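**Student:** CSV, C-alpha atoms, saved as work22.csv, coming up:
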chain,number,residue,atom,x,y,z
A,1,MET,CA,137.0,115.8,95.1
A,2,ILE,CA,138.4,112.3,94.8
A,3,THR,CA,142.0,112.5,95.9
A,4,PRO,CA,145.0,110.8,94.4
A,5,LEU,CA,145.8,107.9,96.7
A,6,ALA,CA,149.5,107.3,96.1
A,7,ALA,CA,151.1,108.4,99.4
A,8,ALA,CA,148.2,108.4,101.7
A,9,TYR,CA,149.4,108.4,105.2
A,10,THR,CA,147.7,111.7,105.7
A,11,THR,CA,144.8,112.6,103.5
A,12,SER,CA,144.4,115.8,101.6
A,13,THR,CA,142.7,118.7,103.3
A,14,GLY,CA,139.8,118.3,101.0
A,15,GLU,CA,139.2,114.7,102.0
A,16,ALA,CA,139.7,115.6,105.7
A,17,PHE,CA,137.0,118.4,105.3
A,18,GLN,CA,134.8,116.0,103.5
A,19,PHE,CA,135.3,113.4,106.2
A,20,TRP,CA,134.4,115.7,109.1
A,21,VAL,CA,131.3,117.2,107.4
A,22,LEU,CA,129.9,114.0,106.0
A,23,GLY,CA,131.0,111.9,108.9
A,24,THR,CA,128.8,114.1,111.1
A,25,VAL,CA,125.9,113.5,108.7
A,26,ALA,CA,126.5,109.8,108.8
A,27,VAL,CA,126.5,109.7,112.6
A,28,LEU,CA,123.3,111.8,112.7
A,29,GLY,CA,121.7,109.5,110.2
A,30,ALA,CA,122.6,106.5,112.3
A,31,LEU,CA,121.2,108.1,115.4
A,32,GLY,CA,118.1,109.0,113.5
A,33,THR,CA,117.7,105.4,112.5
A,34,VAL,CA,117.7,104.3,116.1
A,35,LEU,CA,115.8,107.1,117.7
A,36,MET,CA,113.1,108.1,115.2
A,37,LYS,CA,109.7,106.8,116.3
A,38,LYS,CA,108.3,106.0,112.9
A,39,ALA,CA,109.8,103.3,110.7
A,40,VAL,CA,109.6,105.5,107.6
A,41,HIS,CA,111.8,108.2,109.2
A,42,SER,CA,114.2,105.5,110.3
A,43,ALA,CA,114.4,104.2,106.8
A,44,LEU,CA,115.1,107.7,105.4
A,45,SER,CA,117.8,108.4,108.0
A,46,LEU,CA,119.4,105.1,107.1
A,47,ALA,CA,119.3,105.9,103.4
A,48,GLY,CA,121.2,109.2,104.1
A,49,THR,CA,123.9,107.3,106.1
A,50,MET,CA,124.3,104.9,103.2
A,51,ILE,CA,124.7,107.6,100.6
A,52,VAL,CA,127.4,109.2,102.8
A,53,LEU,CA,129.1,105.8,103.1
A,54,ALA,CA,129.0,105.6,99.3
A,55,VAL,CA,130.8,108.9,99.1
A,56,PHE,CA,133.4,107.7,101.5
A,57,TYR,CA,134.0,104.6,99.4
A,58,LEU,CA,134.6,106.8,96.3
A,59,ALA,CA,136.9,109.0,98.3
A,60,GLN,CA,138.9,105.9,99.4
A,61,GLY,CA,139.5,104.6,95.9
A,62,ALA,CA,136.7,102.0,96.0
A,63,TYR,CA,135.0,103.4,92.9
A,64,PHE,CA,133.1,100.2,92.0
A,65,LEU,CA,131.9,99.7,95.6
A,66,GLY,CA,130.8,103.3,95.8
A,67,VAL,CA,128.5,102.9,92.8
A,68,VAL,CA,127.3,99.5,94.0
A,69,GLN,CA,126.5,100.9,97.4
A,70,ILE,CA,124.2,103.5,95.9
A,71,VAL,CA,122.6,101.1,93.4
A,72,VAL,CA,122.2,98.1,95.7
A,73,TYR,CA,121.8,99.6,99.1
A,74,THR,CA,120.0,102.9,98.7
A,75,GLY,CA,118.4,101.8,95.4
A,76,ALA,CA,117.2,98.2,96.0
A,77,ILE,CA,117.4,97.4,99.7
A,78,MET,CA,116.0,100.6,101.1
A,79,MET,CA,113.2,100.5,98.5
A,80,LEU,CA,112.4,96.9,99.8
A,81,PHE,CA,112.4,98.3,103.3
A,82,LEU,CA,110.0,101.0,102.3
A,83,PHE,CA,107.7,98.5,100.6
A,84,VAL,CA,107.5,96.5,103.7
A,85,VAL,CA,106.9,99.6,105.8
A,86,MET,CA,104.1,100.3,103.4
A,87,LEU,CA,102.6,96.8,103.9
A,88,VAL,CA,103.1,96.6,107.6
A,89,GLY,CA,103.4,100.2,108.6
A,90,ILE,CA,99.9,101.3,109.7
A,91,THR,CA,99.8,99.5,112.9
A,92,ALA,CA,103.6,99.2,113.3
A,93,ALA,CA,104.0,102.1,115.6
A,94,ASP,CA,106.7,101.2,118.1
A,95,SER,CA,105.3,100.5,121.6
A,96,LEU,CA,107.2,102.5,124.2
A,97,LYS,CA,106.3,100.0,126.9
A,98,GLU,CA,109.3,98.1,128.2
A,99,THR,CA,108.7,94.4,128.5
A,100,LEU,CA,111.9,93.9,130.5
A,101,LYS,CA,112.4,96.4,133.2
A,102,GLY,CA,115.3,98.7,132.6
A,103,GLN,CA,116.2,97.0,129.4
A,104,ARG,CA,116.6,100.2,127.4
A,105,TRP,CA,119.1,101.8,129.8
A,106,LEU,CA,121.1,98.6,130.1
A,107,ALA,CA,121.1,98.3,126.3
A,108,ALA,CA,122.4,101.9,125.9
A,109,LEU,CA,125.0,101.3,128.6
A,110,THR,CA,126.1,98.1,126.9
A,111,GLY,CA,126.3,99.9,123.6
A,112,ILE,CA,128.5,102.7,125.1
A,113,GLY,CA,130.7,100.2,126.7
A,114,PHE,CA,131.1,98.2,123.5
A,115,GLY,CA,131.9,101.3,121.6
A,116,ILE,CA,134.6,102.4,124.0
A,117,LEU,CA,136.1,98.9,123.9
A,118,LEU,CA,136.1,99.0,120.1
A,119,MET,CA,137.6,102.4,119.8
A,120,VAL,CA,140.3,101.7,122.4
A,121,GLY,CA,141.1,98.6,120.5
A,122,ILE,CA,141.5,100.5,117.2
A,123,GLY,CA,143.6,103.2,119.0
A,124,ASN,CA,146.0,100.6,120.4
A,125,ALA,CA,146.3,98.6,117.2
A,126,SER,CA,149.6,99.0,115.4
A,127,LEU,CA,148.1,99.7,112.0
A,128,GLY,CA,151.3,101.0,110.4
A,129,ASN,CA,151.4,103.2,107.4
A,130,PHE,CA,148.7,103.5,104.9
A,131,THR,CA,149.9,102.1,101.6
A,132,GLY,CA,147.1,103.7,99.5
A,133,LEU,CA,145.5,102.1,96.5
A,134,GLY,CA,147.4,104.0,93.9
A,135,GLN,CA,149.3,100.9,92.7
A,136,ALA,CA,146.4,98.4,93.1
A,137,ASN,CA,144.1,100.7,91.1
A,138,ALA,CA,146.7,101.5,88.5
A,139,LYS,CA,144.9,99.4,85.9
A,140,GLY,CA,141.5,100.5,87.0
A,141,ASN,CA,139.5,99.6,90.1
A,142,VAL,CA,136.9,97.5,88.3
A,143,GLU,CA,139.6,95.6,86.3
A,144,GLY,CA,141.5,94.9,89.5
A,145,LEU,CA,138.4,93.6,91.3
A,146,ALA,CA,137.3,91.5,88.3
A,147,ALA,CA,140.8,89.9,88.2
A,148,LEU,CA,140.5,88.9,91.8
A,149,ILE,CA,136.9,87.8,91.7
A,150,PHE,CA,137.4,85.5,88.8
A,151,THR,CA,140.7,84.0,90.0
A,152,LYS,CA,141.2,83.9,93.7
A,153,TYR,CA,137.6,84.3,94.8
A,154,VAL,CA,135.8,82.5,92.0
A,155,TRP,CA,134.6,79.7,94.3
A,156,ALA,CA,133.1,82.2,96.8
A,157,PHE,CA,131.6,84.0,93.8
A,158,GLU,CA,129.8,80.9,92.6
A,159,ILE,CA,128.6,80.0,96.1
A,160,THR,CA,127.1,83.6,96.2
A,161,GLY,CA,125.0,82.8,93.1
A,162,ALA,CA,123.6,79.7,94.9
A,163,LEU,CA,122.9,81.9,98.0
A,164,LEU,CA,121.0,84.5,95.9
A,165,ILE,CA,118.9,81.9,94.2
A,166,THR,CA,118.1,80.2,97.6
A,167,ALA,CA,117.1,83.6,99.0
A,168,ALA,CA,114.8,84.4,96.1
A,169,VAL,CA,113.1,81.0,96.4
A,170,GLY,CA,112.9,81.4,100.1
A,171,ALA,CA,111.2,84.8,99.9
A,172,MET,CA,108.7,83.4,97.4
A,173,VAL,CA,107.9,80.4,99.6
A,174,LEU,CA,107.6,82.5,102.8
A,175,THR,CA,105.3,85.2,101.3
A,176,HIS,CA,103.2,82.9,99.1
A,177,ARG,CA,99.7,82.3,100.5
A,178,GLU,CA,97.7,79.4,99.3
A,179,ARG,CA,94.0,80.3,98.9
A,180,THR,CA,92.1,77.7,100.8
A,181,GLU,CA,88.6,78.6,99.7
A,182,ARG,CA,87.1,79.9,96.5
A,183,ARG,CA,86.9,83.7,96.1
A,184,SER,CA,83.3,84.7,96.6
A,185,THR,CA,81.6,86.3,93.6
A,186,GLN,CA,80.1,89.8,93.5
A,187,ARG,CA,76.6,88.3,93.6
A,188,GLU,CA,77.5,86.3,96.8
A,189,LEU,CA,79.0,89.3,98.4
A,190,SER,CA,75.8,91.4,97.7
A,191,GLU,CA,73.6,88.6,99.0
A,192,GLN,CA,75.7,88.4,102.1
A,193,ARG,CA,75.4,92.1,102.7
A,194,VAL,CA,71.6,92.0,102.4
A,195,ARG,CA,71.5,88.9,104.7
A,196,GLU,CA,73.6,90.7,107.4
A,197,GLY,CA,71.6,93.9,107.0
A,198,ARG,CA,74.3,96.1,108.5
A,199,GLN,CA,75.2,98.4,105.6
A,200,VAL,CA,73.3,97.5,102.5
A,201,PRO,CA,73.8,100.6,100.3
A,202,PRO,CA,77.3,102.0,99.6
A,203,LEU,CA,79.1,103.8,102.3
A,204,PRO,CA,78.3,107.6,102.6
A,205,ALA,CA,80.8,110.0,101.2
A,206,PRO,CA,83.2,112.1,103.3
A,207,GLY,CA,83.0,115.9,103.3
A,208,VAL,CA,81.0,118.7,104.9
A,209,TYR,CA,78.6,121.0,103.1
A,210,ALA,CA,80.5,121.0,99.9
A,211,ARG,CA,83.2,123.1,101.5
A,212,HIS,CA,85.6,120.4,102.7
A,213,ASN,CA,85.6,117.4,100.3
A,214,ALA,CA,88.9,115.9,101.5
A,215,VAL,CA,88.8,112.2,102.4
A,216,ASP,CA,90.0,112.7,105.9
A,217,ILE,CA,87.1,114.9,106.9
A,218,PRO,CA,84.1,112.9,108.1
A,219,GLY,CA,80.6,113.8,106.8
A,220,LEU,CA,78.1,115.1,109.3
A,221,LEU,CA,74.9,113.4,110.4
A,222,PRO,CA,71.7,115.5,110.5
A,223,ASP,CA,72.4,116.4,114.2
A,224,GLY,CA,75.8,117.8,113.4
A,225,THR,CA,77.9,114.9,114.8
A,226,PRO,CA,80.6,113.5,112.5
A,227,SER,CA,79.9,110.0,111.0
A,228,ALA,CA,82.7,107.5,111.4
A,229,LEU,CA,81.4,105.5,108.4
A,230,THR,CA,82.4,108.2,105.9
A,231,VAL,CA,86.2,107.9,106.4
A,232,SER,CA,88.4,104.9,105.7
A,233,ASP,CA,89.5,102.6,108.4
A,234,THR,CA,93.1,103.2,107.7
A,235,LEU,CA,92.8,106.9,108.4
A,236,ARG,CA,90.9,106.2,111.6
A,237,ALA,CA,93.6,103.7,112.7
A,238,ARG,CA,96.3,106.3,112.1
A,239,GLY,CA,94.3,109.0,113.9
A,240,GLN,CA,94.4,111.2,110.9
A,241,VAL,CA,90.7,112.1,110.8
A,242,ARG,CA,90.2,115.9,110.7
A,243,ASP,CA,87.0,116.8,112.5
A,244,VAL,CA,85.5,120.1,111.4
A,245,SER,CA,82.0,119.6,112.7
A,246,GLY,CA,82.5,122.1,115.6
A,247,GLU,CA,83.9,124.7,113.1
A,248,ALA,CA,81.0,124.1,110.8
A,249,LEU,CA,78.5,124.5,113.6
A,250,SER,CA,80.0,127.7,114.8
A,251,ASP,CA,80.1,129.1,111.3
A,252,LEU,CA,76.4,128.3,110.9
A,253,ALA,CA,75.7,129.9,114.3
A,254,GLU,CA,77.5,133.1,113.1
A,255,LEU,CA,75.5,133.2,109.9
A,256,GLU,CA,72.3,132.8,111.8
A,257,GLN,CA,73.2,135.5,114.1
A,258,ARG,CA,74.1,137.9,111.3
A,259,THR,CA,70.9,137.2,109.5
A,260,ALA,CA,68.9,137.8,112.6
A,261,GLU,CA,70.7,141.1,113.3
A,262,ARG,CA,70.0,142.2,109.7
A,263,LEU,CA,66.3,141.3,109.9
A,264,GLY,CA,66.0,142.9,113.3
A,265,ARG,CA,65.1,139.8,115.1
A,266,LYS,CA,66.4,138.7,118.5
A,267,PRO,CA,69.0,135.9,118.0
A,268,SER,CA,67.6,132.8,119.6
A,269,ARG,CA,70.5,130.6,120.7
A,270,LYS,CA,68.3,127.6,121.2
A,271,GLU,CA,67.6,127.3,117.5
A,272,VAL,CA,71.2,127.7,116.5
A,273,GLY,CA,72.7,125.4,119.1
A,274,LYS,CA,70.6,122.5,117.8
B,1,MET,CA,143.9,113.7,108.7
B,2,ASN,CA,144.9,110.2,109.3
B,3,PRO,CA,142.7,107.7,107.5
B,4,VAL,CA,142.4,105.7,110.7
B,5,ASN,CA,139.5,108.1,111.4
B,6,TYR,CA,137.4,106.1,109.0
B,7,LEU,CA,137.9,103.1,111.3
B,8,TYR,CA,136.7,105.1,114.3
B,9,LEU,CA,133.7,106.3,112.3
B,10,SER,CA,133.0,102.7,111.3
B,11,ALA,CA,133.2,101.6,115.0
B,12,LEU,CA,130.9,104.4,116.0
B,13,LEU,CA,128.3,103.4,113.4
B,14,PHE,CA,128.5,99.8,114.3
B,15,THR,CA,128.0,100.6,118.0
B,16,ILE,CA,125.0,102.8,117.2
B,17,GLY,CA,123.5,99.9,115.1
B,18,ALA,CA,124.2,97.4,117.9
B,19,ALA,CA,122.5,99.6,120.5
B,20,GLY,CA,119.6,100.0,118.1
B,21,VAL,CA,119.1,96.3,117.8
B,22,LEU,CA,119.0,96.0,121.6
B,23,ILE,CA,116.8,99.0,122.2
B,24,ARG,CA,114.1,99.0,119.4
B,25,ARG,CA,111.1,96.7,119.5
B,26,ASN,CA,109.9,97.2,115.9
B,27,ALA,CA,111.2,94.3,113.8
B,28,ILE,CA,111.7,96.5,110.7
B,29,VAL,CA,113.7,99.0,112.6
B,30,VAL,CA,115.8,96.3,114.3
B,31,PHE,CA,116.5,95.0,110.8
B,32,MET,CA,117.5,98.4,109.6
B,33,CYS,CA,120.0,98.6,112.5
B,34,VAL,CA,121.5,95.3,111.4
B,35,GLU,CA,121.9,96.8,107.9
B,36,LEU,CA,123.7,99.7,109.5
B,37,MET,CA,126.1,97.4,111.3
B,38,LEU,CA,126.8,95.6,108.0
B,39,ASN,CA,127.5,98.9,106.3
B,40,ALA,CA,129.9,100.0,109.1
B,41,ALA,CA,131.8,96.7,108.7
B,42,ASN,CA,132.0,97.4,105.0
B,43,LEU,CA,133.5,100.8,105.6
B,44,ALA,CA,136.1,99.2,107.8
B,45,PHE,CA,136.9,96.7,105.0
B,46,VAL,CA,137.3,99.4,102.5
B,47,THR,CA,139.6,101.3,104.8
B,48,PHE,CA,141.7,98.2,105.5
B,49,SER,CA,141.9,97.7,101.7
B,50,ARG,CA,143.4,101.2,101.5
B,51,LEU,CA,145.7,100.5,104.4
B,52,HIS,CA,147.2,97.3,102.9
B,53,GLY,CA,147.2,98.6,99.3
B,54,ASN,CA,145.4,95.6,97.8
B,55,LEU,CA,141.8,95.0,96.7
B,56,ASP,CA,141.0,92.0,98.8
B,57,GLY,CA,139.2,94.1,101.4
B,58,GLN,CA,137.0,95.6,98.7
B,59,ILE,CA,136.1,92.0,97.5
B,60,ILE,CA,135.1,91.0,101.0
B,61,ALA,CA,132.9,94.2,101.2
B,62,PHE,CA,131.4,93.3,97.9
B,63,PHE,CA,130.5,89.8,99.1
B,64,THR,CA,129.1,91.4,102.3
B,65,MET,CA,126.8,93.5,100.2
B,66,VAL,CA,125.6,90.4,98.3
B,67,VAL,CA,124.9,88.5,101.5
B,68,ALA,CA,123.2,91.5,103.0
B,69,ALA,CA,120.9,91.7,99.9
B,70,ALA,CA,120.0,88.0,100.3
B,71,GLU,CA,119.5,88.5,104.1
B,72,VAL,CA,117.2,91.5,103.6
B,73,VAL,CA,115.0,89.6,101.1
B,74,VAL,CA,114.5,86.6,103.4
B,75,GLY,CA,114.3,88.7,106.6
B,76,LEU,CA,111.6,91.0,105.3
B,77,ALA,CA,109.7,88.0,104.0
B,78,ILE,CA,109.7,86.6,107.5
B,79,ILE,CA,108.6,89.9,108.9
B,80,VAL,CA,105.7,90.1,106.5
B,81,THR,CA,104.7,86.5,107.3
B,82,ILE,CA,104.8,87.1,111.0
B,83,PHE,CA,102.8,90.3,110.5
B,84,ARG,CA,100.1,88.4,108.6
B,85,SER,CA,99.7,85.8,111.4
B,86,ARG,CA,100.0,88.2,114.4
B,87,HIS,CA,99.0,91.6,113.0
B,88,SER,CA,102.0,93.1,114.7
B,89,ALA,CA,105.6,93.8,113.7
B,90,SER,CA,106.8,94.0,117.3
B,91,VAL,CA,109.5,91.5,118.3
B,92,ASP,CA,107.8,91.2,121.7
B,93,ASP,CA,104.7,89.7,120.3
B,94,ALA,CA,106.5,86.8,118.6
B,95,SER,CA,106.7,84.9,121.9
B,96,LEU,CA,104.9,81.7,121.0
B,97,MET,CA,107.7,79.4,122.3
B,98,LYS,CA,108.1,81.3,125.6
B,99,LEU,CA,107.1,79.3,128.7
I'd like the structure from this file rewritten - as structure tokens, please.
**Tutor:**
Amino acid sequence: MITPLAAAYTTSTGEAFQFWVLGTVAVLGALGTVLMKKAVHSALSLAGTMIVLAVFYLAQGAYFLGVVQIVVYTGAIMMLFLFVVMLVGITAADSLKETLKGQRWLAALTGIGFGILLMVGIGNASLGNFTGLGQANAKGNVEGLAALIFTKYVWAFEITGALLITAAVGAMVLTHRERTERRSTQRELSEQRVREGRQVPPLPAPGVYARHNAVDIPGLLPDGTPSALTVSDTLRARGQVRDVSGEALSDLAELEQRTAERLGRKPSRKEVGK
Amino acid sequence: MNPVNYLYLSALLFTIGAAGVLIRRNAIVVFMCVELMLNAANLAFVTFSRLHGNLDGQIIAFFTMVVAAAEVVVGLAIIVTIFRSRHSASVDDASLMKL
């Protein structure tokens, strides 16, 4: 799969095939990142694109970078993104309202123009022949990189360490929240509940008639209407509450009707509809 | 296939990322598009490394990855902080300094 890279003006057929197949996947992933409505789907598309790029690095002789791409990007950075989506996600649905009129179309147009400019630029550049990394990788890719990092680029490498430490401290400072008041005890919380008098006992459980006990199904009040108190706020905010009250009532009505037929009574709709 | 195609792919991915930054309103997705642009640049670096037959391009791509990691950490911390104070991750809502 990984081709020898000695005389690499044209790649092997295998690499060309790999490029066209995986390149399509990469572009689809990138488009998915931009066009998917939910942030989680965007993150997954981006992870796909990054894995494809890792394969391209491996195919081009950058073995170390290919592995680092998977470990750092898809492993660490995308997980960080997913964590933040988890923290922020519930109400983070993208608004489709445009604040600036026509901004979306103008942005797309700008993007297309920029892309054309970039591609024409690459097309007109005199890139010359590809040398290939056969010689540079002769003693091993990692060894070659290490030799460069610790000689020519050692200063940049050290500065990178300072940057990483600054970033870690910065993230801690930014996300740390000082508690300004004492955390109230359980006793104080219960006293407050009684004083407010809104919901003194624990919240009622979800589920209907011991048939649906899933947490996303609201329990029914005596008159058959679903009670909003029984499902969590998060599910309500996401609009993921499944209401089966109508179903339950129609089942009940059917049962009543069958009973009535068997007993030879006239089915009275009034009684059932209640 | 000429390996220059990798450069075209890189340009395409960069363009898609740039358009995403301009189009999307969700700060997290905007951030992901920035990451996509950085990745596209890395692909170009690796391809140029192959073109010139030395490893300097790969070193630069490696440094880009490090800087991207630091940037993601700080950027996501900022997004979380803004979300805490405004209860929204939309870039339109952070307009406190607008007249």
**Student:** Using atom CA of Arg50 of chain B and atom CA of Leu133 of chain A as the two end points, give the distance in Å to one decimal.
**Tutor:**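 Value for the atom CA of Arg50 of chain B-atom CA of Leu133 of chain A distance: 5.5 Å.
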**Student:** Here is a test: counting all atoms listed in the file, which residue of A:Glu178, A:Asp216, A:Glu15, A:Glu256 is nearest to chain B?
**Tutor:**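 For chain B, the nearest of the given residues is A:Glu15.
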**Student:** Show me which bits of chain B are within 7 Å of chain A, counting all atoms listed in the file, as a PyMOL selection string.
**Tutor:** chain B and resi 1-3+8+11-13+15-16+18-20+22-23+25-26+29+46+50-55+58-59+62+69-70+73-74+77-78+81+83+88-89
**Student:** One decimal, in Å: what's the spacing between atom CA of Glu254 of chain A and atom CA of Pro222 of chain A?
**Tutor:**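 Between atom CA of Glu254 of chain A and atom CA of Pro222 of chain A the gap is 18.7 Å.
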**Student:** In Å, how far is it from atom CA of Ile60 of chain B to atom CA of Asn42 of chain B?
**Tutor:** 8.2 Å
**Student:** Name all residues at most 9 Å from Asp243 of chain A (count all atoms listed in the file; drop same-chain ones fewer than 5 positions away) and give them as a list in words.
**Tutor:**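 Residues meeting the cut-off are Asp216, Ile217, Pro218 and Pro226 of chain A.
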